[in-house]
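S.K.: Structure in structure tokens, see below.
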Amino acid sequence: MNKFGKTLFGALLSLAFVLPAQAETLMMATTTSTDNSGLLDFLAPTFKADTGIDLKWVAVGTGKALEIAKNCDADVLLVHAPAVEKKFVADGFGIDRRQIMYNDFVIIGPKADPAKIAGKTTADALKSIYDAKAVFVSRGDKSGTHNAEKKLWKANNLTPDQEKFYISAGQGMMATINIAAEKGGYTLTDRATWIKYAAKNSDCNPLAIVVEGDKALFNQYSVMTTNPARCANVKVELAKQFEDWWVDPKTQKRIGEYTLEGKQLFFPNAGK
């Protein structure tokens with residue numbers, strides 16, 4: 001090697017020690033509520049600082065998130081449809097499912113409350129909506145919220161999906177709430193997205209919470225890893241760090257600290 005070559009090699013070697021190592025990236029498929037609420041934007045910088053991992057995500061309904069993982073396009077999941085998640089694991093598509101936090105669903109509707117459901121139990125409220133043929137807007141997208149809604153109708157032996165008053169939006173939560181506002185209808189939403197919507201539309205919001213606080217409206221969130229036995233590209237070690245981070249007491253405390261309009265949106269419950 002000539003003198004110039006040695007000098008160039010030495011310069012490149014020095015540069016290699018100066019440049020920081022590129023952070024590894026983990027891909028997550030998650031539900032719209034964790035994104036719409038601002039929780040992920042709040043937590044992602046802390047995750048990067050604690051682990052050195054860049055977290056990227058796509059926010060869709062839980063059903064779509066699970067399909068993304070089945071197609072090996074996500075390393076990890078953060079979703080909220082327990083029964084569907086457990087089947088996903090039982091069928092061999094996911095591993096290491098761990099619950100991390102919860103909030104609740106609420107039924108919102110026109111402030112005039114045409115079906116007169118305010119203060120009723122969830123079961124009685126849905127029966128009143130059905131009997132009154134009041135407009136009800138469903139997400140209709142196989143999301144966690146959509147699955148919860150179908151379960152609530154089924155528990156009351158009601159099948160509204162063939163009725164004219166029932167609108168299947170096939171869209172995310174924010175879009176579904178907007179349709180309910182336009183149509184003067186009711187819908188089921190997670191509380192976090194409702195708070196975000198209400199804050200954004202404080203001057204012209206025709207909707208209000210009409211049913212809340214029922215045990216049937218409990219909304220559990222969990223994390224899990226795409227099964228590397230099915231998807232060889234899954235970053236297993238990074239996924240383990242991701243799951244451990246969510247259940248760590250410091251992260252659990254951080255989840256509880258996130259508020260919007262002075263209201264806590266999610267409640268940590270790892271290991272409970």
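Identifiers in the structure tokens: chain A, B, ... in order shown; residue index from 1 per chain; ligand index from 1 in order shown.
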With a cut-off of 9 Å, could you pull out the residues of range 125-215 of chain A touching range 61-76 of chain A and give me the nearest pair of atoms for each, distance in Å to one decimal, using only C-alpha atoms, ordered by chain and ascending number, as JSON lines?

M.R.:
```
{"residue": "A:Asp141", "atom": "CA", "partner": "A:Gly61", "partner_atom": "CA", "distance": 6.6}
{"residue": "A:Lys142", "atom": "CA", "partner": "A:Gly63", "partner_atom": "CA", "distance": 4.9}
{"residue": "A:Ser143", "atom": "CA", "partner": "A:Gly61", "partner_atom": "CA", "distance": 3.9}
{"residue": "A:Gly144", "atom": "CA", "partner": "A:Thr62", "partner_atom": "CA", "distance": 5.2}
{"residue": "A:Thr145", "atom": "CA", "partner": "A:Gly61", "partner_atom": "CA", "distance": 8.1}
{"residue": "A:His146", "atom": "CA", "partner": "A:Gly61", "partner_atom": "CA", "distance": 8.6}
{"residue": "A:Asn147", "atom": "CA", "partner": "A:Gly63", "partner_atom": "CA", "distance": 8.8}
{"residue": "A:Gln171", "atom": "CA", "partner": "A:Gly61", "partner_atom": "CA", "distance": 8.6}
{"residue": "A:Gly172", "atom": "CA", "partner": "A:Gly61", "partner_atom": "CA", "distance": 6.9}
{"residue": "A:Met173", "atom": "CA", "partner": "A:Gly61", "partner_atom": "CA", "distance": 8.7}
```

S.K.: Please provide the set of residues having any atom within 10 Å of range 242-252 of chain A, restricted to only C-alpha atoms, with same-chain residues fewer than 6 positions apart removed, written as a VMD selection string.

M.R.: chain A and resid 26 28 43 46 to 47 50 to 51 53 55 75 to 78 96 to 101 222 to 225 236 266 to 271

S.K.: I need the residues of range 84-248 of chain A that end up classed as strand (DSSP E) by DSSP on the backbone, written out as a VMD selection string.

M.R.: chain A and resid 94 to 110 136 to 138 166 to 168 187 to 190 207 to 211 218 to 226

S.K.: Output as a Markdown table one row per residue of range 150-240 of chain A within 10 Å of range 31-34 of chain A: the closest atom pair and its distance in Å to one decimal place, counting only C-alpha atoms, sorted by chain and residue number ascending.

M.R.:
```
| residue | atom | partner | partner_atom | distance |
| --- | --- | --- | --- | --- |
| A:Gly172 | CA | A:Thr32 | CA | 6.8 |
| A:Met173 | CA | A:Thr32 | CA | 7.0 |
| A:Met174 | CA | A:Thr32 | CA | 8.7 |
| A:Thr189 | CA | A:Ser33 | CA | 9.2 |
| A:Asp190 | CA | A:Ser33 | CA | 7.2 |
| A:Arg191 | CA | A:Ser33 | CA | 9.0 |
| A:Ala192 | CA | A:Ser33 | CA | 6.7 |
| A:Thr193 | CA | A:Ser33 | CA | 5.8 |
| A:Trp194 | CA | A:Ser33 | CA | 9.4 |
| A:Lys196 | CA | A:Ser33 | CA | 9.7 |
| A:Tyr221 | CA | A:Thr31 | CA | 9.4 |
```

S.K.: Go ahead and save the residues from that selection, with all heavy atoms, as a short mmCIF file (atom, residue, chain, number, x, y, z; two decimals), in the first residue's frame.

M.R.:
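Resulting contents of part_32.cif:
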```
data_model
loop_
_atom_site.label_atom_id
_atom_site.label_comp_id
_atom_site.auth_asym_id
_atom_site.auth_seq_id
_atom_site.Cartn_x
_atom_site.Cartn_y
_atom_site.Cartn_z
N GLY A 172 -61.20 3.75 10.62
CA GLY A 172 -60.64 3.89 11.95
C GLY A 172 -61.57 4.62 12.89
O GLY A 172 -62.64 5.11 12.51
N MET A 173 -61.13 4.76 14.15
CA MET A 173 -61.99 5.31 15.18
C MET A 173 -62.33 6.77 14.96
O MET A 173 -63.49 7.18 15.10
CB MET A 173 -61.34 5.12 16.56
CG MET A 173 -62.31 5.28 17.73
SD MET A 173 -63.52 3.94 17.80
CE MET A 173 -65.02 4.74 17.19
N MET A 174 -61.34 7.59 14.64
CA MET A 174 -61.61 9.01 14.43
C MET A 174 -62.60 9.22 13.29
O MET A 174 -63.54 10.01 13.40
CB MET A 174 -60.33 9.78 14.12
CG MET A 174 -59.57 10.32 15.28
SD MET A 174 -60.47 11.46 16.32
CE MET A 174 -59.19 11.79 17.52
N THR A 189 -66.63 3.79 21.26
CA THR A 189 -65.25 4.24 21.07
C THR A 189 -64.44 3.99 22.33
O THR A 189 -65.00 3.94 23.43
CB THR A 189 -65.19 5.74 20.71
OG1 THR A 189 -63.81 6.15 20.62
CG2 THR A 189 -65.87 6.60 21.75
N ASP A 190 -63.14 3.83 22.16
CA ASP A 190 -62.28 3.83 23.34
C ASP A 190 -62.26 5.25 23.88
O ASP A 190 -62.36 6.23 23.14
CB ASP A 190 -60.87 3.36 22.97
CG ASP A 190 -60.17 4.31 22.02
OD1 ASP A 190 -60.49 4.28 20.81
OD2 ASP A 190 -59.35 5.12 22.48
N ARG A 191 -62.12 5.37 25.19
CA ARG A 191 -62.20 6.68 25.83
C ARG A 191 -61.06 7.60 25.37
O ARG A 191 -61.25 8.81 25.22
CB ARG A 191 -62.17 6.55 27.35
CG ARG A 191 -62.46 7.87 28.08
CD ARG A 191 -62.37 7.70 29.58
NE ARG A 191 -63.42 6.85 30.12
CZ ARG A 191 -64.61 7.31 30.53
NH1 ARG A 191 -64.89 8.60 30.43
NH2 ARG A 191 -65.49 6.47 31.04
N ALA A 192 -59.86 7.05 25.16
CA ALA A 192 -58.71 7.87 24.79
C ALA A 192 -58.96 8.62 23.47
O ALA A 192 -58.70 9.82 23.36
CB ALA A 192 -57.45 7.01 24.67
N THR A 193 -59.48 7.91 22.47
CA THR A 193 -59.76 8.57 21.19
C THR A 193 -60.89 9.58 21.33
O THR A 193 -60.86 10.65 20.70
CB THR A 193 -60.09 7.53 20.10
OG1 THR A 193 -59.04 6.56 20.03
CG2 THR A 193 -60.23 8.19 18.74
N TRP A 194 -61.87 9.28 22.15
CA TRP A 194 -62.95 10.23 22.39
C TRP A 194 -62.42 11.53 23.00
O TRP A 194 -62.79 12.63 22.56
CB TRP A 194 -64.02 9.63 23.29
CG TRP A 194 -64.93 10.69 23.87
CD1 TRP A 194 -64.99 11.12 25.16
CD2 TRP A 194 -65.87 11.48 23.14
NE1 TRP A 194 -65.91 12.12 25.29
CE2 TRP A 194 -66.47 12.38 24.05
CE3 TRP A 194 -66.26 11.54 21.80
CZ2 TRP A 194 -67.44 13.30 23.68
CZ3 TRP A 194 -67.24 12.47 21.43
CH2 TRP A 194 -67.81 13.33 22.35
N LYS A 196 -59.47 12.78 22.71
CA LYS A 196 -58.72 13.48 21.66
C LYS A 196 -59.69 14.18 20.71
O LYS A 196 -59.51 15.34 20.33
CB LYS A 196 -57.84 12.49 20.90
CG LYS A 196 -56.92 13.11 19.86
CD LYS A 196 -55.82 13.93 20.52
CE LYS A 196 -54.85 14.50 19.49
NZ LYS A 196 -53.85 13.51 19.05
N TYR A 221 -55.22 -3.80 26.90
CA TYR A 221 -54.18 -3.73 25.87
C TYR A 221 -53.04 -4.68 26.23
O TYR A 221 -52.68 -4.80 27.42
CB TYR A 221 -53.61 -2.31 25.76
CG TYR A 221 -54.55 -1.30 25.16
CD1 TYR A 221 -55.56 -0.72 25.93
CD2 TYR A 221 -54.44 -0.91 23.83
CE1 TYR A 221 -56.43 0.21 25.38
CE2 TYR A 221 -55.30 0.03 23.28
CZ TYR A 221 -56.30 0.59 24.06
OH TYR A 221 -57.16 1.51 23.52
#
```

S.K.: Could you please write out, as a PyMOL selection string, every residue of range 51-181 of chain A that DSSP assigns to helix (DSSP H, G or I)?

M.R.: chain A and resi 51+62-70+82-90+122-132+144-155+160-162+173-181

S.K.: Just give me the gap between CA of Asp104 in chain A and CA of Gly256 in chain A in Å, one decimal is fine.

M.R.: 14.4 Å
